[in-house]
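As provided, upload09.cif (mmCIF, C-alpha atoms) reads as follows.
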data_model
loop_
_atom_site.group_PDB
_atom_site.id
_atom_site.type_symbol
_atom_site.label_atom_id
_atom_site.label_comp_id
_atom_site.auth_asym_id
_atom_site.auth_seq_id
_atom_site.Cartn_x
_atom_site.Cartn_y
_atom_site.Cartn_z
ATOM 1 C CA CYS A 150 -30.188 8.280 -72.438
ATOM 2 C CA ASN A 151 -28.135 6.126 -74.769
ATOM 3 C CA ALA A 152 -30.125 2.969 -73.895
ATOM 4 C CA LEU A 153 -33.609 4.529 -73.714
ATOM 5 C CA ALA A 154 -36.074 2.616 -75.911
ATOM 6 C CA ARG A 155 -39.478 3.789 -74.650
ATOM 7 C CA LEU A 156 -40.639 7.208 -73.416
ATOM 8 C CA ASP A 157 -44.249 7.811 -72.363
ATOM 9 C CA LEU A 158 -45.152 11.383 -71.384
ATOM 10 C CA SER A 159 -48.808 11.226 -72.389
ATOM 11 C CA ASN A 160 -51.500 13.283 -70.667
ATOM 12 C CA ASN A 161 -49.275 15.932 -69.115
ATOM 13 C CA ARG A 162 -48.947 19.676 -69.710
ATOM 14 C CA ILE A 163 -45.764 19.800 -71.700
ATOM 15 C CA GLY A 164 -46.804 22.462 -74.195
ATOM 16 C CA ALA A 165 -44.616 23.949 -76.907
ATOM 17 C CA ASP A 166 -41.860 25.076 -74.535
ATOM 18 C CA GLY A 167 -41.655 21.669 -72.892
ATOM 19 C CA ALA A 168 -41.457 20.037 -76.297
ATOM 20 C CA GLY A 169 -38.532 22.302 -77.097
ATOM 21 C CA SER A 170 -36.737 21.261 -73.925
ATOM 22 C CA LEU A 171 -37.409 17.620 -74.698
ATOM 23 C CA ALA A 172 -36.060 18.040 -78.198
ATOM 24 C CA GLY A 173 -32.766 19.125 -76.680
ATOM 25 C CA VAL A 174 -32.131 15.615 -75.354
ATOM 26 C CA LEU A 175 -33.987 13.382 -77.814
ATOM 27 C CA GLY A 176 -31.250 13.754 -80.376
ATOM 28 C CA GLU A 177 -28.985 11.732 -78.091
ATOM 29 C CA CYS A 178 -31.507 8.890 -77.697
ATOM 30 C CA LYS A 179 -30.277 6.771 -80.565
ATOM 31 C CA THR A 180 -32.180 3.663 -79.401
ATOM 32 C CA LEU A 181 -35.554 5.374 -78.852
ATOM 33 C CA ALA A 182 -38.251 3.255 -80.503
ATOM 34 C CA HIS A 183 -41.477 4.328 -78.730
ATOM 35 C CA LEU A 184 -42.456 7.973 -78.075
ATOM 36 C CA ASP A 185 -45.889 8.869 -76.685
ATOM 37 C CA LEU A 186 -46.614 12.592 -76.309
ATOM 38 C CA SER A 187 -50.397 12.427 -76.661
ATOM 39 C CA ASP A 188 -52.633 14.932 -74.817
ATOM 40 C CA ASN A 189 -50.023 17.608 -74.174
ATOM 41 C CA ALA A 190 -51.075 20.784 -76.052
ATOM 42 C CA ILE A 191 -47.782 20.766 -77.952
ATOM 43 C CA ARG A 192 -49.279 22.684 -80.887
ATOM 44 C CA ASP A 193 -47.480 23.590 -84.110
ATOM 45 C CA ALA A 194 -44.617 25.375 -82.388
ATOM 46 C CA GLY A 195 -43.808 22.338 -80.266
ATOM 47 C CA VAL A 196 -43.984 19.981 -83.231
ATOM 48 C CA GLY A 197 -41.573 22.248 -85.085
ATOM 49 C CA ARG A 198 -39.040 22.003 -82.278
ATOM 50 C CA LEU A 199 -39.414 18.234 -82.042
ATOM 51 C CA ALA A 200 -39.105 17.829 -85.786
ATOM 52 C CA VAL A 201 -35.569 19.205 -85.685
ATOM 53 C CA VAL A 202 -34.371 16.078 -83.836
ATOM 54 C CA LEU A 203 -36.891 13.361 -84.724
ATOM 55 C CA GLY A 204 -35.075 12.651 -87.931
ATOM 56 C CA GLU A 205 -32.073 11.597 -85.842
ATOM 57 C CA CYS A 206 -34.106 8.919 -84.019
ATOM 58 C CA LYS A 207 -33.443 6.213 -86.596
ATOM 59 C CA ALA A 208 -34.934 3.458 -84.401
ATOM 60 C CA LEU A 209 -38.249 5.270 -83.858
ATOM 61 C CA SER A 210 -41.109 2.936 -84.766
ATOM 62 C CA TYR A 211 -43.968 4.340 -82.628
ATOM 63 C CA LEU A 212 -44.991 8.018 -82.470
ATOM 64 C CA ASP A 213 -48.194 9.206 -80.777
ATOM 65 C CA LEU A 214 -49.119 12.886 -81.052
ATOM 66 C CA THR A 215 -52.867 12.486 -80.491
ATOM 67 C CA ASN A 216 -54.805 15.502 -79.191
ATOM 68 C CA ASN A 217 -52.124 18.165 -79.354
ATOM 69 C CA GLU A 218 -53.892 20.980 -81.258
ATOM 70 C CA ILE A 219 -51.667 20.374 -84.270
ATOM 71 C CA ARG A 220 -52.715 22.221 -87.417
ATOM 72 C CA ASP A 221 -51.463 22.338 -90.997
ATOM 73 C CA ALA A 222 -48.212 24.122 -90.190
ATOM 74 C CA GLY A 223 -47.275 21.509 -87.593
ATOM 75 C CA ALA A 224 -48.184 18.674 -89.950
ATOM 76 C CA GLY A 225 -45.909 20.254 -92.530
ATOM 77 C CA ARG A 226 -42.969 20.437 -90.115
ATOM 78 C CA LEU A 227 -43.505 16.808 -89.165
ATOM 79 C CA ALA A 228 -43.680 15.796 -92.815
ATOM 80 C CA ASP A 229 -40.238 17.300 -93.427
ATOM 81 C CA VAL A 230 -38.583 14.689 -91.185
ATOM 82 C CA LEU A 231 -40.816 11.622 -91.590
ATOM 83 C CA GLY A 232 -38.839 10.532 -94.603
ATOM 84 C CA GLN A 233 -35.859 10.027 -92.295
ATOM 85 C CA CYS A 234 -37.863 7.868 -89.852
ATOM 86 C CA THR A 235 -37.617 4.774 -91.999
ATOM 87 C CA ALA A 236 -38.505 2.403 -89.125
ATOM 88 C CA LEU A 237 -41.778 4.186 -88.295
ATOM 89 C CA ALA A 238 -44.617 1.644 -88.113
ATOM 90 C CA HIS A 239 -47.175 3.412 -85.873
ATOM 91 C CA LEU A 240 -48.218 7.051 -86.281
ATOM 92 C CA ALA A 241 -51.133 8.524 -84.309
ATOM 93 C CA LEU A 242 -52.278 12.057 -85.139
ATOM 94 C CA GLY A 243 -55.931 11.756 -84.170
ATOM 95 C CA GLU A 244 -57.921 14.512 -82.459
ATOM 96 C CA ASN A 245 -55.952 17.370 -83.959
ATOM 97 C CA GLU A 246 -56.909 20.093 -86.456
ATOM 98 C CA ILE A 247 -55.178 18.931 -89.617
ATOM 99 C CA ARG A 248 -56.970 20.050 -92.777
ATOM 100 C CA ASN A 249 -56.491 19.268 -96.464
ATOM 101 C CA GLU A 250 -53.325 21.336 -96.845
ATOM 102 C CA GLY A 251 -51.608 19.734 -93.884
ATOM 103 C CA LEU A 252 -52.620 16.242 -94.923
ATOM 104 C CA GLY A 253 -51.184 16.850 -98.371
ATOM 105 C CA LYS A 254 -47.834 17.788 -96.846
ATOM 106 C CA LEU A 255 -47.964 14.822 -94.484
ATOM 107 C CA ALA A 256 -48.589 12.489 -97.407
ATOM 108 C CA LEU A 257 -45.264 13.445 -98.997
ATOM 109 C CA GLY A 258 -43.347 12.436 -95.889
ATOM 110 C CA LEU A 259 -45.305 9.276 -95.198
ATOM 111 C CA GLY A 260 -44.552 7.938 -98.644
ATOM 112 C CA GLU A 261 -41.018 7.247 -97.435
ATOM 113 C CA CYS A 262 -42.209 5.274 -94.398
ATOM 114 C CA LYS A 263 -42.295 1.864 -96.036
ATOM 115 C CA ALA A 264 -42.770 0.079 -92.682
ATOM 116 C CA LEU A 265 -45.891 2.066 -91.752
ATOM 117 C CA ALA A 266 -48.606 -0.297 -90.512
ATOM 118 C CA HIS A 267 -50.795 1.843 -88.216
ATOM 119 C CA LEU A 268 -52.105 5.300 -89.185
ATOM 120 C CA ASP A 269 -54.600 7.141 -86.971
ATOM 121 C CA LEU A 270 -56.024 10.396 -88.361
ATOM 122 C CA ARG A 271 -59.461 10.315 -86.726
ATOM 123 C CA ASP A 272 -61.092 13.516 -85.544
ATOM 124 C CA ASN A 273 -59.290 15.998 -87.747
ATOM 125 C CA SER A 274 -60.725 18.425 -90.290
ATOM 126 C CA PHE A 275 -59.755 17.062 -93.701
ATOM 127 C CA GLY A 276 -62.019 16.064 -96.546
ATOM 128 C CA ASP A 277 -61.850 14.535 -100.004
ATOM 129 C CA VAL A 278 -58.985 16.678 -101.309
ATOM 130 C CA GLY A 279 -56.723 15.835 -98.399
ATOM 131 C CA LEU A 280 -57.595 12.157 -98.506
ATOM 132 C CA ALA A 281 -56.814 12.037 -102.221
ATOM 133 C CA ARG A 282 -53.330 13.403 -101.548
ATOM 134 C CA LEU A 283 -52.817 10.990 -98.686
ATOM 135 C CA ALA A 284 -53.916 7.985 -100.731
ATOM 136 C CA PHE A 285 -51.448 8.934 -103.449
ATOM 137 C CA GLY A 286 -48.645 9.331 -100.929
ATOM 138 C CA LEU A 287 -49.260 5.967 -99.269
ATOM 139 C CA VAL A 288 -49.183 3.786 -102.374
ATOM 140 C CA GLU A 289 -45.754 2.389 -101.482
ATOM 141 C CA CYS A 290 -46.733 1.587 -97.870
ATOM 142 C CA LYS A 291 -47.489 -2.077 -98.443
ATOM 143 C CA ALA A 292 -47.581 -3.005 -94.728
ATOM 144 C CA LEU A 293 -50.659 -0.916 -93.824
ATOM 145 C CA ALA A 294 -52.880 -2.868 -91.426
ATOM 146 C CA HIS A 295 -54.741 -0.168 -89.453
ATOM 147 C CA LEU A 296 -56.365 2.932 -90.984
ATOM 148 C CA ASP A 297 -58.561 5.192 -88.856
ATOM 149 C CA PHE A 298 -60.189 8.148 -90.627
ATOM 150 C CA GLU A 299 -63.278 8.465 -88.421
ATOM 151 C CA ARG A 300 -64.985 11.810 -87.813
ATOM 152 C CA ASN A 301 -63.650 13.812 -90.726
ATOM 153 C CA TYR A 302 -65.381 15.157 -93.867
ATOM 154 C CA ILE A 303 -64.967 12.281 -96.304
ATOM 155 C CA CYS A 304 -67.650 12.179 -99.005
ATOM 156 C CA VAL A 305 -68.150 10.284 -102.269
ATOM 157 C CA GLU A 306 -65.028 11.540 -104.030
ATOM 158 C CA GLY A 307 -62.879 10.733 -101.019
ATOM 159 C CA ALA A 308 -64.301 7.226 -100.883
ATOM 160 C CA GLY A 309 -63.277 6.750 -104.499
ATOM 161 C CA ARG A 310 -59.730 7.907 -103.784
ATOM 162 C CA LEU A 311 -59.534 5.664 -100.743
ATOM 163 C CA THR A 312 -60.512 2.722 -102.931
ATOM 164 C CA GLU A 313 -57.350 3.236 -104.975
ATOM 165 C CA LEU A 314 -55.321 2.799 -101.797
ATOM 166 C CA LEU A 315 -57.275 -0.103 -100.315
ATOM 167 C CA VAL A 316 -56.858 -2.373 -103.317
ATOM 168 C CA GLN A 317 -53.141 -2.427 -102.492
ATOM 169 C CA CYS A 318 -53.595 -2.985 -98.738
ATOM 170 C CA LYS A 319 -53.386 -6.757 -98.696
ATOM 171 C CA THR A 320 -52.636 -6.750 -94.947
ATOM 172 C CA LEU A 321 -55.435 -4.393 -93.867
ATOM 173 C CA ALA A 322 -57.152 -5.577 -90.666
ATOM 174 C CA TYR A 323 -58.787 -2.372 -89.321
ATOM 175 C CA LEU A 324 -60.692 0.300 -91.255
ATOM 176 C CA GLY A 325 -62.432 3.095 -89.363
ATOM 177 C CA LEU A 326 -64.672 5.410 -91.403
ATOM 178 C CA SER A 327 -67.467 6.217 -88.950
ATOM 179 C CA GLU A 328 -69.053 9.671 -88.878
ATOM 180 C CA ASN A 329 -68.210 10.760 -92.394
ATOM 181 C CA GLN A 330 -70.541 11.351 -95.361
ATOM 182 C CA ILE A 331 -69.811 8.409 -97.630
ATOM 183 C CA GLY A 332 -73.398 7.456 -98.535
ATOM 184 C CA ASP A 333 -74.559 4.690 -100.864
ATOM 185 C CA VAL A 334 -72.540 5.841 -103.861
ATOM 186 C CA GLY A 335 -69.321 6.118 -101.878
ATOM 187 C CA LEU A 336 -69.870 2.737 -100.279
ATOM 188 C CA GLY A 337 -70.407 1.256 -103.710
ATOM 189 C CA MET A 338 -66.938 2.476 -104.656
ATOM 190 C CA LEU A 339 -65.380 1.130 -101.475
ATOM 191 C CA ALA A 340 -67.045 -2.254 -101.766
ATOM 192 C CA GLU A 341 -64.902 -3.408 -104.672
ATOM 193 C CA ALA A 342 -61.730 -2.726 -102.705
ATOM 194 C CA LEU A 343 -63.080 -4.293 -99.504
ATOM 195 C CA ALA A 344 -63.554 -7.543 -101.373
ATOM 196 C CA GLU A 345 -59.754 -7.697 -101.693
ATOM 197 C CA CYS A 346 -59.174 -7.140 -97.969
ATOM 198 C CA LYS A 347 -59.296 -10.816 -97.064
ATOM 199 C CA GLY A 348 -57.853 -10.278 -93.588
ATOM 200 C CA LEU A 349 -60.191 -7.459 -92.534
ATOM 201 C CA VAL A 350 -61.175 -7.857 -88.868
ATOM 202 C CA HIS A 351 -62.740 -4.485 -87.943
ATOM 203 C CA LEU A 352 -64.980 -2.325 -90.176
ATOM 204 C CA SER A 353 -66.681 0.804 -88.820
ATOM 205 C CA LEU A 354 -69.150 2.651 -91.053
ATOM 206 C CA CYS A 355 -71.391 4.163 -88.382
ATOM 207 C CA ASP A 356 -73.200 7.429 -89.233
ATOM 208 C CA ASN A 357 -72.485 7.634 -92.966
ATOM 209 C CA MET A 358 -75.944 8.094 -94.516
ATOM 210 C CA ILE A 359 -75.988 4.505 -95.794
ATOM 211 C CA GLY A 360 -79.360 3.286 -97.031
ATOM 212 C CA ASP A 361 -80.735 -0.037 -98.249
ATOM 213 C CA GLU A 362 -78.973 0.223 -101.602
ATOM 214 C CA GLY A 363 -75.569 0.818 -100.066
ATOM 215 C CA LEU A 364 -75.995 -1.948 -97.515
ATOM 216 C CA ALA A 365 -76.962 -4.392 -100.252
ATOM 217 C CA ILE A 366 -73.771 -3.516 -102.141
ATOM 218 C CA LEU A 367 -71.688 -4.020 -99.010
ATOM 219 C CA ALA A 368 -73.400 -7.338 -98.378
ATOM 220 C CA GLY A 369 -72.282 -8.500 -101.790
ATOM 221 C CA VAL A 370 -68.615 -8.392 -100.767
ATOM 222 C CA LEU A 371 -68.653 -9.206 -97.047
ATOM 223 C CA GLY A 372 -68.566 -12.893 -97.812
ATOM 224 C CA SER A 373 -64.945 -12.408 -98.863
ATOM 225 C CA CYS A 374 -64.049 -11.093 -95.383
ATOM 226 C CA LYS A 375 -63.839 -14.405 -93.548
ATOM 227 C CA SER A 376 -61.952 -12.876 -90.598
ATOM 228 C CA LEU A 377 -64.429 -10.062 -89.934
ATOM 229 C CA ALA A 378 -65.091 -9.858 -86.187
ATOM 230 C CA HIS A 379 -66.439 -6.307 -85.692
ATOM 231 C CA LEU A 380 -68.993 -4.637 -87.973
ATOM 232 C CA ASP A 381 -70.441 -1.236 -86.988
ATOM 233 C CA LEU A 382 -73.285 0.057 -89.153
ATOM 234 C CA GLY A 383 -75.139 2.022 -86.480
ATOM 235 C CA THR A 384 -76.835 5.380 -87.089
ATOM 236 C CA ASN A 385 -77.478 5.022 -90.792
ATOM 237 C CA LEU A 386 -80.627 5.079 -92.958
ATOM 238 C CA PHE A 387 -81.333 1.461 -93.917
ATOM 239 C CA GLY A 388 -84.310 -0.680 -93.048
ATOM 240 C CA ASP A 389 -85.545 -4.209 -93.623
ATOM 241 C CA ALA A 390 -84.528 -4.477 -97.272
ATOM 242 C CA GLY A 391 -80.919 -3.697 -96.487
ATOM 243 C CA VAL A 392 -80.807 -6.008 -93.473
ATOM 244 C CA VAL A 393 -82.291 -8.871 -95.489
ATOM 245 C CA ALA A 394 -79.405 -8.511 -97.942
ATOM 246 C CA LEU A 395 -76.888 -8.206 -95.120
ATOM 247 C CA SER A 396 -78.223 -11.307 -93.385
ATOM 248 C CA GLY A 397 -77.427 -13.446 -96.382
ATOM 249 C CA ALA A 398 -73.821 -12.237 -96.348
ATOM 250 C CA LEU A 399 -73.370 -12.768 -92.616
ATOM 251 C CA GLN A 400 -73.735 -16.511 -93.050
ATOM 252 C CA GLY A 401 -70.167 -16.538 -94.312
ATOM 253 C CA CYS A 402 -68.801 -14.368 -91.475
ATOM 254 C CA SER A 403 -68.298 -17.080 -88.890
ATOM 255 C CA ALA A 404 -65.825 -14.988 -86.846
ATOM 256 C CA LEU A 405 -68.286 -12.117 -86.280
ATOM 257 C CA ALA A 406 -68.250 -11.195 -82.574
ATOM 258 C CA CYS A 407 -69.732 -7.666 -82.562
ATOM 259 C CA LEU A 408 -72.573 -6.423 -84.778
ATOM 260 C CA ASP A 409 -73.973 -2.908 -84.359
ATOM 261 C CA LEU A 410 -77.154 -2.065 -86.284
ATOM 262 C CA GLY A 411 -78.519 0.421 -83.769
ATOM 263 C CA TYR A 412 -80.340 3.649 -84.699
ATOM 264 C CA ASN A 413 -81.603 2.541 -88.096
ATOM 265 C CA GLN A 414 -85.054 1.598 -89.434
ATOM 266 C CA LEU A 415 -84.984 -2.145 -88.954
ATOM 267 C CA GLY A 416 -88.414 -3.749 -88.402
ATOM 268 C CA ASP A 417 -89.858 -7.194 -87.760
ATOM 269 C CA GLU A 418 -89.005 -8.581 -91.190
ATOM 270 C CA GLY A 419 -85.355 -7.665 -90.939
ATOM 271 C CA ALA A 420 -85.124 -8.835 -87.328
ATOM 272 C CA GLY A 421 -86.609 -12.172 -88.303
ATOM 273 C CA ARG A 422 -84.173 -12.667 -91.149
ATOM 274 C CA LEU A 423 -81.293 -11.649 -88.912
ATOM 275 C CA ALA A 424 -82.406 -14.152 -86.293
ATOM 276 C CA GLY A 425 -82.314 -16.892 -88.880
ATOM 277 C CA VAL A 426 -78.609 -16.450 -89.574
ATOM 278 C CA LEU A 427 -77.309 -15.409 -86.164
ATOM 279 C CA GLY A 428 -78.962 -18.186 -84.195
ATOM 280 C CA GLY A 429 -76.165 -20.626 -84.807
ATOM 281 C CA SER A 430 -73.325 -18.159 -84.306
ATOM 282 C CA VAL A 431 -70.603 -19.437 -82.012
ATOM 283 C CA ALA A 432 -68.601 -16.172 -81.943
ATOM 284 C CA LEU A 433 -71.280 -13.482 -81.523
ATOM 285 C CA ALA A 434 -70.721 -11.662 -78.205
ATOM 286 C CA LYS A 435 -72.423 -8.294 -78.790
ATOM 287 C CA LEU A 436 -75.521 -7.422 -80.814
ATOM 288 C CA ASP A 437 -76.818 -3.831 -80.772
ATOM 289 C CA LEU A 438 -80.285 -3.239 -82.240
ATOM 290 C CA ARG A 439 -81.325 -0.260 -80.151
ATOM 291 C CA SER A 440 -83.596 2.486 -81.525
ATOM 292 C CA ASN A 441 -84.995 0.619 -84.522
ATOM 293 C CA HIS A 442 -88.640 -0.309 -85.287
ATOM 294 C CA ILE A 443 -88.669 -3.883 -84.008
ATOM 295 C CA GLY A 444 -92.011 -5.009 -82.596
ATOM 296 C CA ASP A 445 -93.211 -8.039 -80.665
ATOM 297 C CA GLU A 446 -93.003 -10.363 -83.652
ATOM 298 C CA GLY A 447 -89.403 -9.485 -84.481
ATOM 299 C CA LEU A 448 -88.313 -9.602 -80.862
ATOM 300 C CA SER A 449 -89.964 -12.973 -80.402
ATOM 301 C CA ARG A 450 -88.073 -14.418 -83.353
ATOM 302 C CA LEU A 451 -84.790 -13.026 -82.043
ATOM 303 C CA ALA A 452 -85.440 -14.382 -78.565
ATOM 304 C CA GLY A 453 -86.178 -17.798 -79.984
ATOM 305 C CA VAL A 454 -82.724 -18.284 -81.461
ATOM 306 C CA LEU A 455 -80.250 -16.063 -79.645
ATOM 307 C CA GLY A 456 -80.237 -18.359 -76.665
ATOM 308 C CA SER A 457 -78.105 -20.684 -78.744
ATOM 309 C CA CYS A 458 -75.423 -17.976 -79.126
ATOM 310 C CA LYS A 459 -73.273 -19.212 -76.267
ATOM 311 C CA ALA A 460 -70.774 -16.350 -76.502
ATOM 312 C CA LEU A 461 -73.451 -13.599 -76.424
ATOM 313 C CA ALA A 462 -72.732 -11.295 -73.482
ATOM 314 C CA LEU A 463 -74.540 -8.096 -74.506
ATOM 315 C CA LEU A 464 -77.846 -7.821 -76.318
ATOM 316 C CA ASP A 465 -79.506 -4.437 -76.709
ATOM 317 C CA PRO A 466 -82.785 -4.654 -78.646
ATOM 318 C CA ARG A 467 -84.253 -1.414 -77.272
ATOM 319 C CA VAL A 468 -86.658 0.314 -79.639
#

Please go through the file and, once you have read it, give me the structure as structure tokens.
Amino acid sequence: CNALARLDLSNNRIGADGAGSLAGVLGECKTLAHLDLSDNAIRDAGVGRLAVVLGECKALSYLDLTNNEIRDAGAGRLADVLGQCTALAHLALGENEIRNEGLGKLALGLGECKALAHLDLRDNSFGDVGLARLAFGLVECKALAHLDFERNYICVEGAGRLTELLVQCKTLAYLGLSENQIGDVGLGMLAEALAECKGLVHLSLCDNMIGDEGLAILAGVLGSCKSLAHLDLGTNLFGDAGVVALSGALQGCSALACLDLGYNQLGDEGAGRLAGVLGGSVALAKLDLRSNHIGDEGLSRLAGVLGSCKALALLDPRV
């Protein structure tokens, strides 16, 4: 396989033994740049066998190990060789079982991956301690553009540690933090760093216990994110006061195509203010306001202006 550049074995039943067999030939694939082994139940034992040869794949830039039941031991074995994968730009380890200890080990290896641009760690089991170690390890990764930490256990302290990393991520375009426990205080910490992310396109903060105070703080910095196209704030705790503040900030987000405010406490006042700023939007394609407290008055004001949103393809105002 001297000329092999891409190998996709995703969604099979390779397991640990299969990973061992694969490892026996990967060492000869000197040109391998893309390796997708997602959804294969490789587990820690399989990762250990792969790790023996991954360090020899000097051209490897894309590695996907999503949903493989990898735990801390496997993350540690992977970390041992990541420092040798100097071309690695895309690493996906989402939907595994990596906790704080494993993330700390992983951070040591990732610090050597100076080309790293895409890091997916969603749906694992780490919290603030692990994220603090990761943030410290990634300080030299100046090319980071995509960070996905959704569905973990990140709280206020973790948000503060993440801030230290984000202020250096001048190329960040995607930040996924949905289904954590950041809250108003944590969002206040993040806001300062987000103001420096001028190229941010996608921000997901769904289900994070964010109230009016936190949303107002976020609104204060969103004006700096001129490229923002996707903003997910669904399933939080804010109401009209927060949305009034947000509406003022959205006037500067001319690229906004998707806005999710579903499952909050938005009423007629907030809906009316939102209508006032979204009515002239040329990019808005999706607006989700389901399961709020919008009545006839608010819906009437929305209906009166959203017809001018020529790109709008999906509107969900269900209450």

Give one line per residue of stretch 418-452 of chain A that approaches stretch 371-386 of chain A to at most 12 Å, naming the two atoms of the closest pair and their distance in Å to one decimal, counting all atoms listed in the file; sort by chain then ascending residue number and deliver it as a tab-separated table.
residue	atom	partner	partner_atom	distance
A:Ser430	CA	A:Ala378	CA	11.8
A:Val431	CA	A:Ala378	CA	11.8
A:Ala432	CA	A:Ala378	CA	8.4
A:Leu433	CA	A:Ala378	CA	8.6
A:Ala434	CA	A:Ala378	CA	9.9
A:Lys435	CA	A:His379	CA	9.3
A:Leu436	CA	A:Leu380	CA	10.1
A:Asp437	CA	A:Gly383	CA	8.3
A:Leu438	CA	A:Gly383	CA	8.5
A:Arg439	CA	A:Gly383	CA	9.1
A:Ser440	CA	A:Thr384	CA	9.2
A:Asn441	CA	A:Thr384	CA	9.8

Write the residues you've just listed into a file as a PDB file, in the coordinates of the input, and include C-alpha atoms for each of them.
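And here is the file that came out, again16.pdb:
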ATOM      1  CA  SER A 430     -73.325 -18.159 -84.306  1.00  0.00           C
ATOM      2  CA  VAL A 431     -70.603 -19.437 -82.012  1.00  0.00           C
ATOM      3  CA  ALA A 432     -68.601 -16.172 -81.943  1.00  0.00           C
ATOM      4  CA  LEU A 433     -71.280 -13.482 -81.523  1.00  0.00           C
ATOM      5  CA  ALA A 434     -70.721 -11.662 -78.205  1.00  0.00           C
ATOM      6  CA  LYS A 435     -72.423  -8.294 -78.790  1.00  0.00           C
ATOM      7  CA  LEU A 436     -75.521  -7.422 -80.814  1.00  0.00           C
ATOM      8  CA  ASP A 437     -76.818  -3.831 -80.772  1.00  0.00           C
ATOM      9  CA  LEU A 438     -80.285  -3.239 -82.240  1.00  0.00           C
ATOM     10  CA  ARG A 439     -81.325  -0.260 -80.151  1.00  0.00           C
ATOM     11  CA  SER A 440     -83.596   2.486 -81.525  1.00  0.00           C
ATOM     12  CA  ASN A 441     -84.995   0.619 -84.522  1.00  0.00           C
TER      13      ASN A 441
END

Would you compute the distance between atom CA of A:Val334 and atom CA of A:Gly363? Give it in Å to one decimal. 7.0 Å

Point-to-point distance in Å for atom CA of A:Gly243 and atom CA of A:Val201: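 Atom CA of A:Gly243 lies 21.7 Å from atom CA of A:Val201.
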
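Nearest residue to A:Tyr211, choosing from A:Gly416, A:Arg450, A:Asp188, A:Thr235 and counting all atoms listed in the file: A:Thr235.
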
Extract, using all atoms listed in the file, all DNA, RNA and protein residues at most 6 Å from stretch 248-258 of chain A, discarding same-chain residues fewer than 2 positions from it, and format them as a PyMOL selection string. chain A and resi 221+224-225+228+231-232+260-261+274-275+279+282-283+286

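Counting only C-alpha atoms and comparing A:Gly173, A:Ser187, A:Ala154, A:Asp229, the residue that lies closest to A:Leu209 is A:Ala154.
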
Just the residues within 10 Å of A:Leu343, please, counting only C-alpha atoms, with nothing from its chain fewer than 5 positions along; format it as a PDB file with C-alpha atoms, in the coordinates of the input.
ATOM      1  CA  THR A 312     -60.512   2.722-102.931  1.00  0.00           C
ATOM      2  CA  LEU A 315     -57.275  -0.103-100.315  1.00  0.00           C
ATOM      3  CA  VAL A 316     -56.858  -2.373-103.317  1.00  0.00           C
ATOM      4  CA  CYS A 318     -53.595  -2.985 -98.738  1.00  0.00           C
ATOM      5  CA  LEU A 321     -55.435  -4.393 -93.867  1.00  0.00           C
ATOM      6  CA  LEU A 324     -60.692   0.300 -91.255  1.00  0.00           C
ATOM      7  CA  LEU A 336     -69.870   2.737-100.279  1.00  0.00           C
ATOM      8  CA  MET A 338     -66.938   2.476-104.656  1.00  0.00           C
ATOM      9  CA  GLY A 348     -57.853 -10.278 -93.588  1.00  0.00           C
ATOM     10  CA  LEU A 349     -60.191  -7.459 -92.534  1.00  0.00           C
ATOM     11  CA  LEU A 352     -64.980  -2.325 -90.176  1.00  0.00           C
ATOM     12  CA  LEU A 367     -71.688  -4.020 -99.010  1.00  0.00           C
ATOM     13  CA  VAL A 370     -68.615  -8.392-100.767  1.00  0.00           C
ATOM     14  CA  LEU A 371     -68.653  -9.206 -97.047  1.00  0.00           C
ATOM     15  CA  SER A 373     -64.945 -12.408 -98.863  1.00  0.00           C
ATOM     16  CA  CYS A 374     -64.049 -11.093 -95.383  1.00  0.00           C
TER      17      CYS A 374
END

What are the centre and the three edge lengths of an axis-aligned box that wraps all atoms of stretch 369-379 of chain A in the file, given that 6 Å is added to every side, written as JSON and rounded to one decimal in Å?
{"center_x": -67.1, "center_y": -10.4, "center_z": -93.7, "size_x": 22.3, "size_y": 20.1, "size_z": 28.1}

Pull out every residue that the PyMOL selection byres ((chain A and resi 429) around 12) matches in the shown coordinates and put them as a ChimeraX atom specification. /A:399-405,423-428,430-433,451,453-461

What residues come out when you apply the PyMOL selection byres ((chain A and resi 238) around 6) to this file, written as a PyMOL selection string? chain A and resi 210+237+239+264-266

The residues within 10 Å of (-62.3, 6.9, -103.0), using all atoms listed in the file and the coordinates of the file, should be reported as a list in words; which are they?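 Checked against the point, the hits come out as Asp277, Leu280, Ala281, Ala284, Ile303, Cys304, Val305, Glu306, Gly307, Ala308, Gly309, Arg310, Leu311, Thr312, Glu313, Leu314, Leu315, Ile331, Gly335, Leu336, Gly337, Met338, Leu339 and Ala342 of chain A.
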
List the neighbours of A:Gly388 out to 12 Å using only C-alpha atoms; skip same-chain residues closer than 2 positions along the sequence, and give me the result as a PyMOL selection string. chain A and resi 359-365+382-386+390-395+410-420+438+440-443

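When atom CA of A:Asp166 is paired with atom CA of A:Leu214, their separation reads 15.6 Å.
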